[in-house]
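Trainee: Take a look at final-v1.cif, mmCIF, C-alpha atoms and all ligand atoms:
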data_structure
#
loop_
_atom_site.label_atom_id
_atom_site.label_comp_id
_atom_site.auth_asym_id
_atom_site.auth_seq_id
_atom_site.Cartn_x
_atom_site.Cartn_y
_atom_site.Cartn_z
CA MET A 1 230.58 68.08 158.44
CA THR A 2 227.00 67.41 159.62
CA PRO A 3 226.53 63.82 160.73
CA ARG A 4 224.47 61.60 158.43
CA ARG A 5 220.88 61.11 159.55
CA GLN A 6 220.32 57.76 161.26
CA ARG A 7 218.46 55.34 159.04
CA LYS A 8 215.77 53.47 160.91
CA VAL A 9 213.35 50.85 159.59
CA ALA A 10 210.41 49.60 161.66
CA ILE A 11 208.99 46.20 160.71
CA VAL A 12 205.51 45.39 161.99
CA GLY A 13 204.83 41.65 162.06
CA ALA A 14 207.69 39.36 163.05
CA GLY A 15 206.34 36.26 161.31
CA ALA A 16 207.80 34.50 158.26
CA VAL A 17 207.86 37.58 156.01
CA GLY A 18 208.81 40.18 158.64
CA ALA A 19 211.67 38.11 160.08
CA THR A 20 213.06 37.10 156.69
CA PHE A 21 212.96 40.71 155.54
CA ALA A 22 214.75 41.77 158.76
CA TYR A 23 217.44 39.16 158.10
CA ALA A 24 218.00 40.30 154.52
CA LEU A 25 217.86 43.97 155.49
CA ALA A 26 220.47 43.48 158.23
CA GLN A 27 222.83 42.01 155.63
CA SER A 28 222.23 44.86 153.20
CA GLY A 29 224.09 47.45 155.30
CA LEU A 30 221.34 49.98 154.50
CA PRO A 31 219.86 50.85 157.91
CA ASP A 32 221.55 51.85 161.17
CA GLU A 33 218.67 50.44 163.16
CA ILE A 34 216.00 47.79 162.64
CA VAL A 35 213.10 47.45 165.07
CA LEU A 36 210.71 44.52 165.05
CA ILE A 37 207.20 44.90 166.43
CA ASP A 38 204.63 42.16 166.84
CA GLN A 39 201.54 41.76 168.98
CA ASN A 40 203.08 38.41 169.89
CA LYS A 41 205.82 39.92 172.04
CA ALA A 42 207.53 36.60 172.76
CA LEU A 43 207.86 35.93 169.03
CA ALA A 44 209.33 39.41 168.39
CA ARG A 45 211.76 38.93 171.32
CA GLY A 46 212.88 35.54 170.00
CA GLN A 47 213.37 36.82 166.43
CA VAL A 48 215.33 39.85 167.68
CA LEU A 49 217.65 37.71 169.83
CA ASP A 50 218.25 35.27 166.99
CA LEU A 51 219.00 38.13 164.56
CA ALA A 52 221.10 40.13 167.03
CA HIS A 53 223.38 37.14 167.58
CA GLY A 54 224.30 37.49 163.90
CA ARG A 55 225.59 41.04 164.39
CA PRO A 56 229.29 40.08 164.27
CA PHE A 57 228.61 38.90 160.73
CA PHE A 58 226.35 41.75 159.56
CA PRO A 59 227.48 45.28 158.63
CA ALA A 60 227.02 47.54 161.69
CA VAL A 61 223.35 47.63 162.61
CA ALA A 62 221.31 47.82 165.82
CA ILE A 63 218.46 45.31 166.01
CA ARG A 64 215.89 45.49 168.77
CA GLN A 65 212.31 44.87 169.73
CA GLY A 66 210.25 48.01 169.29
CA ASP A 67 206.89 49.53 170.13
CA PRO A 68 204.65 52.12 168.44
CA ALA A 69 206.80 55.02 169.73
CA ASP A 70 209.40 53.83 167.21
CA TYR A 71 207.21 54.94 164.30
CA HIS A 72 207.98 58.57 165.11
CA ASP A 73 211.50 58.69 163.65
CA ALA A 74 211.50 55.63 161.37
CA GLN A 75 212.05 56.53 157.70
CA VAL A 76 210.31 53.36 156.55
CA ILE A 77 207.54 51.44 158.33
CA VAL A 78 206.97 48.07 156.74
CA ILE A 79 203.66 46.42 157.61
CA THR A 80 203.70 42.63 157.30
CA ALA A 81 201.30 42.00 160.19
CA GLY A 82 198.37 39.86 159.28
CA ALA A 83 196.16 36.99 160.23
CA ALA A 84 196.64 33.64 158.53
CA GLN A 85 193.67 32.13 156.68
CA ARG A 86 191.94 29.60 158.97
CA PRO A 87 190.38 26.39 157.62
CA GLY A 88 186.87 27.21 156.41
CA GLU A 89 187.51 30.94 156.43
CA THR A 90 186.70 32.80 153.23
CA ARG A 91 189.09 35.25 151.54
CA LEU A 92 186.58 37.96 152.30
CA GLN A 93 186.63 37.20 156.04
CA LEU A 94 190.41 37.32 155.91
CA LEU A 95 190.20 40.61 154.04
CA GLN A 96 188.04 42.05 156.80
CA LYS A 97 190.39 40.84 159.54
CA ASN A 98 193.55 42.13 157.88
CA ALA A 99 191.94 45.47 157.07
CA ALA A 100 191.20 45.91 160.80
CA ILE A 101 194.83 45.04 161.65
CA VAL A 102 196.23 47.46 159.06
CA ARG A 103 193.90 50.27 160.19
CA SER A 104 194.95 49.83 163.82
CA ILE A 105 198.66 49.99 162.91
CA VAL A 106 198.19 53.04 160.67
CA ASP A 107 196.33 54.77 163.53
CA GLN A 108 199.35 54.22 165.76
CA VAL A 109 201.70 55.55 163.07
CA VAL A 110 199.56 58.68 162.74
CA GLN A 111 199.39 59.10 166.54
CA GLN A 112 203.18 59.06 166.66
CA ASP A 113 203.27 61.97 164.22
CA SER A 114 205.48 59.93 161.93
CA ARG A 115 206.79 61.22 158.61
CA GLY A 116 207.97 57.76 157.54
CA VAL A 117 206.99 56.06 154.30
CA MET A 118 204.56 53.18 154.91
CA LEU A 119 205.27 50.07 152.87
CA ILE A 120 202.35 47.63 152.97
CA VAL A 121 202.94 43.91 152.48
CA THR A 122 199.92 42.31 154.19
CA ASN A 123 197.61 40.60 151.70
CA PRO A 124 195.54 41.29 149.75
CA VAL A 125 198.22 43.93 149.38
CA ASP A 126 196.48 46.27 146.91
CA VAL A 127 193.34 46.54 149.01
CA MET A 128 195.41 46.92 152.18
CA THR A 129 197.42 49.72 150.56
CA TYR A 130 194.17 51.52 149.73
CA VAL A 131 192.88 51.00 153.28
CA ALA A 132 196.16 52.29 154.78
CA LEU A 133 196.30 55.34 152.53
CA GLN A 134 192.70 56.24 153.27
CA ARG A 135 193.20 55.79 157.01
CA ALA A 136 196.44 57.77 157.07
CA GLY A 137 194.82 60.59 155.09
CA SER A 138 198.26 61.35 153.72
CA GLU A 139 199.50 62.23 150.27
CA ARG A 140 199.52 59.15 148.07
CA ALA A 141 203.32 59.10 147.67
CA ARG A 142 203.84 58.11 151.29
CA VAL A 143 201.83 54.86 151.35
CA LEU A 144 202.76 52.17 148.85
CA GLY A 145 202.34 48.43 148.57
CA SER A 146 204.98 45.87 147.61
CA GLY A 147 202.59 45.09 144.75
CA THR A 148 203.90 43.09 141.82
CA LEU A 149 207.61 43.66 142.38
CA LEU A 150 207.78 40.04 143.53
CA ASP A 151 205.74 38.83 140.54
CA SER A 152 207.99 40.81 138.18
CA ALA A 153 211.01 39.08 139.77
CA ARG A 154 209.33 35.71 139.18
CA LEU A 155 208.73 36.64 135.54
CA ARG A 156 212.35 37.71 135.11
CA HIS A 157 213.53 34.44 136.68
CA LEU A 158 211.50 32.34 134.24
CA LEU A 159 212.47 34.42 131.20
CA SER A 160 216.12 34.32 132.18
CA ALA A 161 216.02 30.53 132.37
CA HIS A 162 214.03 30.24 129.14
CA CYS A 163 216.21 32.61 127.09
CA GLY A 164 219.54 31.62 128.69
CA VAL A 165 220.30 35.27 129.57
CA ASP A 166 221.57 36.74 132.86
CA ILE A 167 218.52 37.78 134.89
CA HIS A 168 220.02 41.26 135.37
CA ASN A 169 219.71 41.80 131.62
CA VAL A 170 216.07 40.75 131.49
CA HIS A 171 213.67 43.69 131.93
CA ALA A 172 210.11 42.61 132.57
CA TYR A 173 207.09 43.89 134.47
CA VAL A 174 203.97 42.31 135.89
CA LEU A 175 201.20 44.89 136.32
CA GLY A 176 197.82 45.11 138.04
CA GLU A 177 196.73 43.23 141.14
CA HIS A 178 199.22 41.20 143.16
CA GLY A 179 196.99 38.19 142.61
CA ASP A 180 194.96 36.26 140.08
CA SER A 181 194.17 39.18 137.74
CA GLU A 182 197.80 40.29 137.33
CA PHE A 183 199.34 40.12 133.86
CA ALA A 184 202.75 40.31 132.19
CA ALA A 185 203.22 43.57 130.30
CA TRP A 186 204.89 41.98 127.27
CA SER A 187 205.05 45.34 125.49
CA MET A 188 207.49 46.53 128.20
CA THR A 189 209.57 43.34 128.28
CA HIS A 190 212.96 43.44 126.61
CA ILE A 191 216.49 42.04 126.54
CA ALA A 192 219.36 44.26 125.32
CA GLY A 193 216.75 46.81 124.25
CA ILE A 194 215.15 44.24 121.93
CA PRO A 195 211.41 43.66 122.54
CA ILE A 196 210.94 40.14 123.87
CA ASP A 197 208.84 38.94 120.90
CA GLN A 198 211.63 39.96 118.51
CA PHE A 199 214.34 38.61 120.82
CA CYS A 200 212.73 35.19 120.82
CA ALA A 201 212.62 35.14 117.04
CA ILE A 202 216.38 35.85 116.98
CA CYS A 203 217.20 33.45 119.78
CA GLY A 204 215.32 30.48 118.28
CA ARG A 205 215.33 28.41 121.47
CA CYS A 206 211.66 27.44 121.30
CA GLN A 207 209.19 26.27 118.66
CA ASP A 208 206.16 28.24 119.74
CA TRP A 209 206.93 31.45 121.64
CA GLN A 210 203.24 32.41 121.99
CA ALA A 211 202.44 29.15 123.79
CA GLU A 212 205.63 29.48 125.86
CA ARG A 213 204.69 33.07 126.77
CA ASN A 214 201.26 32.00 128.03
CA HIS A 215 202.80 29.16 130.01
CA ILE A 216 205.38 31.46 131.64
CA GLU A 217 202.70 34.01 132.57
CA GLN A 218 200.55 31.29 134.13
CA GLN A 219 203.53 29.97 136.10
CA VAL A 220 204.13 33.46 137.52
CA ARG A 221 200.48 33.70 138.57
CA ASP A 222 200.54 30.28 140.22
CA SER A 223 203.94 30.65 141.93
CA ALA A 224 202.67 31.61 145.38
CA TYR A 225 200.08 28.79 145.39
CA HIS A 226 202.79 26.23 144.59
CA ILE A 227 205.21 27.52 147.23
CA ILE A 228 202.46 27.65 149.87
CA ASP A 229 201.51 24.04 148.99
CA TYR A 230 205.14 22.94 149.34
CA LYS A 231 206.25 24.88 152.44
CA GLY A 232 203.30 26.78 153.90
CA ALA A 233 204.42 30.37 153.19
CA THR A 234 206.57 32.47 150.90
CA CYS A 235 209.28 34.55 152.52
CA PHE A 236 212.73 34.69 150.84
CA ALA A 237 212.01 36.42 147.52
CA VAL A 238 209.46 38.77 149.07
CA GLY A 239 212.00 39.64 151.78
CA LEU A 240 214.51 40.63 149.10
CA ALA A 241 211.90 42.59 147.13
CA LEU A 242 211.21 44.56 150.33
CA VAL A 243 214.93 45.28 150.73
CA ARG A 244 214.96 46.59 147.14
CA ILE A 245 212.07 49.00 147.82
CA THR A 246 213.54 50.06 151.18
CA ARG A 247 216.87 50.77 149.48
CA ALA A 248 215.21 53.01 146.90
CA ILE A 249 213.53 54.98 149.72
CA LEU A 250 216.48 55.23 152.14
CA ARG A 251 218.97 56.16 149.44
CA GLY A 252 216.65 58.27 147.29
CA GLU A 253 217.43 56.19 144.21
CA ASN A 254 214.54 57.11 141.88
CA SER A 255 214.26 53.42 140.99
CA VAL A 256 211.69 52.11 138.54
CA LEU A 257 209.74 49.49 140.47
CA THR A 258 206.29 47.98 140.07
CA VAL A 259 204.72 48.90 143.40
CA SER A 260 201.10 49.34 144.36
CA THR A 261 199.97 52.94 144.34
CA ARG A 262 196.62 54.74 144.09
CA LEU A 263 195.83 55.74 140.54
CA GLU A 264 194.27 59.17 140.13
CA GLY A 265 193.46 59.15 136.42
CA GLU A 266 196.69 57.55 135.20
CA PHE A 267 196.04 54.82 132.62
CA GLY A 268 192.41 56.02 132.62
CA LEU A 269 191.84 54.56 136.09
CA GLU A 270 190.89 56.16 139.37
CA ASP A 271 190.57 55.48 143.06
CA VAL A 272 192.16 52.05 143.07
CA CYS A 273 195.57 50.82 144.24
CA LEU A 274 197.44 48.50 141.90
CA SER A 275 200.90 48.10 140.41
CA VAL A 276 202.27 50.07 137.49
CA PRO A 277 205.88 51.18 136.91
CA CYS A 278 206.67 53.88 139.48
CA ILE A 279 209.67 56.00 140.40
CA VAL A 280 210.38 55.14 144.03
CA SER A 281 212.56 57.41 146.13
CA THR A 282 212.80 59.24 149.48
CA ARG A 283 209.14 60.30 149.59
CA GLY A 284 207.86 56.91 148.44
CA VAL A 285 206.15 56.94 145.03
CA GLU A 286 207.60 60.09 143.50
CA ARG A 287 206.00 59.58 140.11
CA ILE A 288 204.00 57.09 138.06
CA ILE A 289 205.43 56.32 134.65
CA VAL A 290 202.43 56.59 132.36
CA SER A 291 202.66 55.10 128.89
CA LYS A 292 200.20 54.07 126.22
CA LEU A 293 199.57 50.36 126.67
CA PRO A 294 198.55 48.19 123.73
CA GLU A 295 194.81 47.41 123.68
CA GLY A 296 195.07 43.96 125.28
CA GLU A 297 197.24 45.17 128.16
CA ALA A 298 195.07 48.25 128.77
CA ALA A 299 192.04 45.95 128.95
CA ALA A 300 193.87 43.61 131.35
CA LEU A 301 194.77 46.55 133.61
CA SER A 302 191.14 47.74 133.63
CA ALA A 303 189.94 44.20 134.39
CA SER A 304 192.39 43.98 137.30
CA ALA A 305 191.17 47.35 138.61
CA ALA A 306 187.57 46.08 138.43
CA VAL A 307 188.47 43.00 140.51
CA LEU A 308 190.11 45.19 143.16
CA LYS A 309 187.25 47.70 143.22
CA GLU A 310 184.82 44.85 143.80
CA ALA A 311 186.93 43.59 146.74
CA MET A 312 186.93 47.11 148.20
CA ARG A 313 183.18 47.42 147.69
CA GLN A 314 182.66 44.17 149.59
CA LEU A 315 184.93 45.41 152.36
CA VAL A 316 182.88 48.60 152.72
CA VAL A 317 179.58 46.67 152.60
CA ARG A 318 180.79 44.25 155.27
CA ARG A 319 181.94 47.13 157.46
CA GLN A 320 178.53 48.79 157.22
CA HIS A 321 176.76 45.52 158.07
CA SER A 322 178.98 44.87 161.05
CA GLY A 323 178.03 48.33 162.34
N1 LIG B 1 202.73 41.23 149.25
C1 LIG B 1 203.45 40.13 149.07
O1 LIG B 1 204.15 39.99 148.05
C2 LIG B 1 203.40 39.07 150.12
C3 LIG B 1 204.19 37.91 150.03
C4 LIG B 1 204.12 36.98 151.05
C5 LIG B 1 203.25 37.18 152.12
N2 LIG B 1 202.47 38.30 152.16
C6 LIG B 1 201.54 38.58 153.25
O2 LIG B 1 202.29 39.05 154.37
C7 LIG B 1 201.53 38.79 155.55
C8 LIG B 1 202.43 38.12 156.58
O3 LIG B 1 202.76 36.82 156.14
P1 LIG B 1 203.59 35.85 157.10
O4 LIG B 1 203.81 34.61 156.35
O5 LIG B 1 204.72 36.58 157.70
O6 LIG B 1 202.51 35.58 158.26
P2 LIG B 1 202.81 35.15 159.76
O7 LIG B 1 201.51 34.62 160.29
O8 LIG B 1 204.02 34.31 159.82
O9 LIG B 1 203.15 36.53 160.49
C9 LIG B 1 202.22 37.54 160.69
C10 LIG B 1 202.54 38.19 162.03
O10 LIG B 1 201.70 39.34 162.20
C11 LIG B 1 201.49 39.46 163.60
N3 LIG B 1 200.35 40.35 163.85
C12 LIG B 1 199.04 40.14 163.63
N4 LIG B 1 198.32 41.21 164.00
C13 LIG B 1 199.19 42.15 164.44
C14 LIG B 1 199.05 43.46 164.95
N5 LIG B 1 197.85 44.05 165.05
N6 LIG B 1 200.17 44.13 165.32
C15 LIG B 1 201.40 43.55 165.22
N7 LIG B 1 201.59 42.29 164.74
C16 LIG B 1 200.49 41.59 164.37
C17 LIG B 1 201.25 38.03 164.06
O11 LIG B 1 201.44 37.89 165.48
C18 LIG B 1 202.30 37.28 163.24
O12 LIG B 1 203.51 37.10 163.94
C19 LIG B 1 200.32 37.96 155.12
O13 LIG B 1 199.21 38.81 154.95
C20 LIG B 1 200.78 37.39 153.79
O14 LIG B 1 199.69 37.03 152.97
C21 LIG B 1 202.54 39.24 151.19
#
Take the structure in the file and give it back as structure tokens.
Mentor:
Amino acid sequence: MTPRRQRKVAIVGAGAVGATFAYALAQSGLPDEIVLIDQNKALARGQVLDLAHGRPFFPAVAIRQGDPADYHDAQVIVITAGAAQRPGETRLQLLQKNAAIVRSIVDQVVQQDSRGVMLIVTNPVDVMTYVALQRAGSERARVLGSGTLLDSARLRHLLSAHCGVDIHNVHAYVLGEHGDSEFAAWSMTHIAGIPIDQFCAICGRCQDWQAERNHIEQQVRDSAYHIIDYKGATCFAVGLALVRITRAILRGENSVLTVSTRLEGEFGLEDVCLSVPCIVSTRGVERIIVSKLPEGEAAALSASAAVLKEAMRQLVVRRQHSG
């Protein structure tokens, strides 16, 4: 019997998101090896020691501090490295800074002749996914962003509470930008195969489902702002969403997940990364599930694409101006 290939995940950025993801991933039993890389070497060392001391309680896994040479044989390289927004700094300045960080990491991945799938988490994640894909010059499957998987989880959480149904039986997707222009694809939302609008009529738990729907969608959009106000950063749910995507890749699961991928004509859109339902497996985004969206949702997806294209245009303009 040929031995099973070692499963190795490299996490770049050992801050709140990177370390929480590492912690959840170590408990999942999925990888044989987790390496943490951060430009702040002391932080990476501290996180690795803290995690490694949990090994008696994790399924078997090696956890260590890594360096760019580790990209070579990692199946998944998860990029959470980023600069935090400073007081007075605009989102555009942050965009510029994080784009430079992502480009420098992708260059190292390419230098190491890596075949690994790159999973981008750094915000604004859709623009960073585009930047990474362009820099890597690879097929689009191999570079994906965590996109709206987290937002879809938030939507499912709220619907589950509202309808009084186990969250695992609530199927719901947020599409578009991971950000202000995202929207709930109500046409794809169902419980027990019953479209959500019909389900709510049967269930009779609220007076005005349309108003409730709008309120739930707004809550999803505002979630990150609220959490950041309360505790400074989001890390737990995103860490678990990253485990879910990593699992689909390492185990070749062909899972339907809303991840950020570059559209090449699907849904009538081109040359922009945003989230739509995708089949995620060993190669990354194996396939995009294209369907005919109702008019309102198609318009919302186009509007989200326009917002992202404008951010990318500004990024290019700024790059040209800064020489
Ligand atoms: N996509 C999502 O759903 C989602 C959710 C939450 C956070 N985020 C984003 O994830 C990123 C990380 O968030 P965080 O809270 O962990 O931030 P953090 O500041 O706690 O950690 C970021 C880490 O990146 C490191 N870093 C910076 N430049 C680097 C480089 N060139 N090479 C290696 N490491 C480098 C920093 O030293 C720091 O430790 C942010 O951009 C945040 O907005 C995305």
Trainee: Show me, as a Markdown table, the residues of chain A having an atom within 7 Å of ligand LIG 1 (chain B), each with the closest atom pair and its distance in Å, using only C-alpha atoms and all ligand atoms.
Mentor:
| residue | atom | partner | partner_atom | distance |
| --- | --- | --- | --- | --- |
| A:Val12 | CA | B:LIG1 | C15 | 5.5 |
| A:Gly13 | CA | B:LIG1 | O10 | 3.9 |
| A:Ala14 | CA | B:LIG1 | O12 | 4.8 |
| A:Gly15 | CA | B:LIG1 | O9 | 3.3 |
| A:Ala16 | CA | B:LIG1 | O5 | 3.8 |
| A:Val17 | CA | B:LIG1 | O5 | 3.7 |
| A:Gly18 | CA | B:LIG1 | O5 | 5.5 |
| A:Ile37 | CA | B:LIG1 | C15 | 6.1 |
| A:Asp38 | CA | B:LIG1 | N7 | 3.7 |
| A:Gln39 | CA | B:LIG1 | C15 | 4.2 |
| A:Asn40 | CA | B:LIG1 | O11 | 4.7 |
| A:Leu43 | CA | B:LIG1 | O12 | 6.8 |
| A:Thr80 | CA | B:LIG1 | C8 | 4.7 |
| A:Ala81 | CA | B:LIG1 | O10 | 3.4 |
| A:Gly82 | CA | B:LIG1 | C12 | 4.4 |
| A:Ala83 | CA | B:LIG1 | C12 | 5.5 |
| A:Ala84 | CA | B:LIG1 | O7 | 5.3 |
| A:Ile101 | CA | B:LIG1 | N5 | 4.7 |
| A:Ser104 | CA | B:LIG1 | N5 | 6.6 |
| A:Ile105 | CA | B:LIG1 | N5 | 6.4 |
| A:Val121 | CA | B:LIG1 | N1 | 4.2 |
| A:Thr122 | CA | B:LIG1 | O13 | 3.7 |
| A:Asn123 | CA | B:LIG1 | O13 | 4.0 |
| A:Pro124 | CA | B:LIG1 | O14 | 6.8 |
| A:Val125 | CA | B:LIG1 | N1 | 5.3 |
| A:Ser146 | CA | B:LIG1 | N1 | 5.4 |
| A:Gly147 | CA | B:LIG1 | N1 | 5.9 |
| A:Thr148 | CA | B:LIG1 | O1 | 7.0 |
| A:Leu150 | CA | B:LIG1 | O1 | 5.8 |
| A:Ala233 | CA | B:LIG1 | O4 | 5.3 |
| A:Thr234 | CA | B:LIG1 | C4 | 5.1 |
| A:Cys235 | CA | B:LIG1 | C4 | 5.9 |
| A:Val238 | CA | B:LIG1 | C3 | 5.4 |
Trainee: Go through A:Gln134, A:Asn254, A:Gln198, A:Ser187 and flag the residue nearest A:Val272, using all atoms listed in the file for the distances.
Mentor: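 Closest to A:Val272, using all atoms listed in the file: A:Gln134.
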Trainee: State, in Å with one decimal place, the distance from atom CA of A:Arg313 to atom CA of A:Ala141.
Mentor: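 Separation of atom CA of A:Arg313 and atom CA of A:Ala141: 23.3 Å.
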Trainee: Which is closest to A:Arg283 among A:Arg262, A:His168, A:Arg205, A:Arg142, if we use only C-alpha atoms?
Mentor: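 Using only C-alpha atoms, A:Arg283 sits closest to A:Arg142.
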Trainee: Please indicate the distance in Å from atom CA of A:Trp209 to atom CA of A:Ile167, rounded to one decimal place.
Mentor: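 Computing it gives 18.7 Å between the two atoms.
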Trainee: For a cut-off of 9 Å around (217.9, 40.7, 158.7), file coordinates, pick out all residues using only C-alpha atoms and list them as a ChimeraX atom specification.
Mentor: /A:19-28,34,51-52,54,58,63
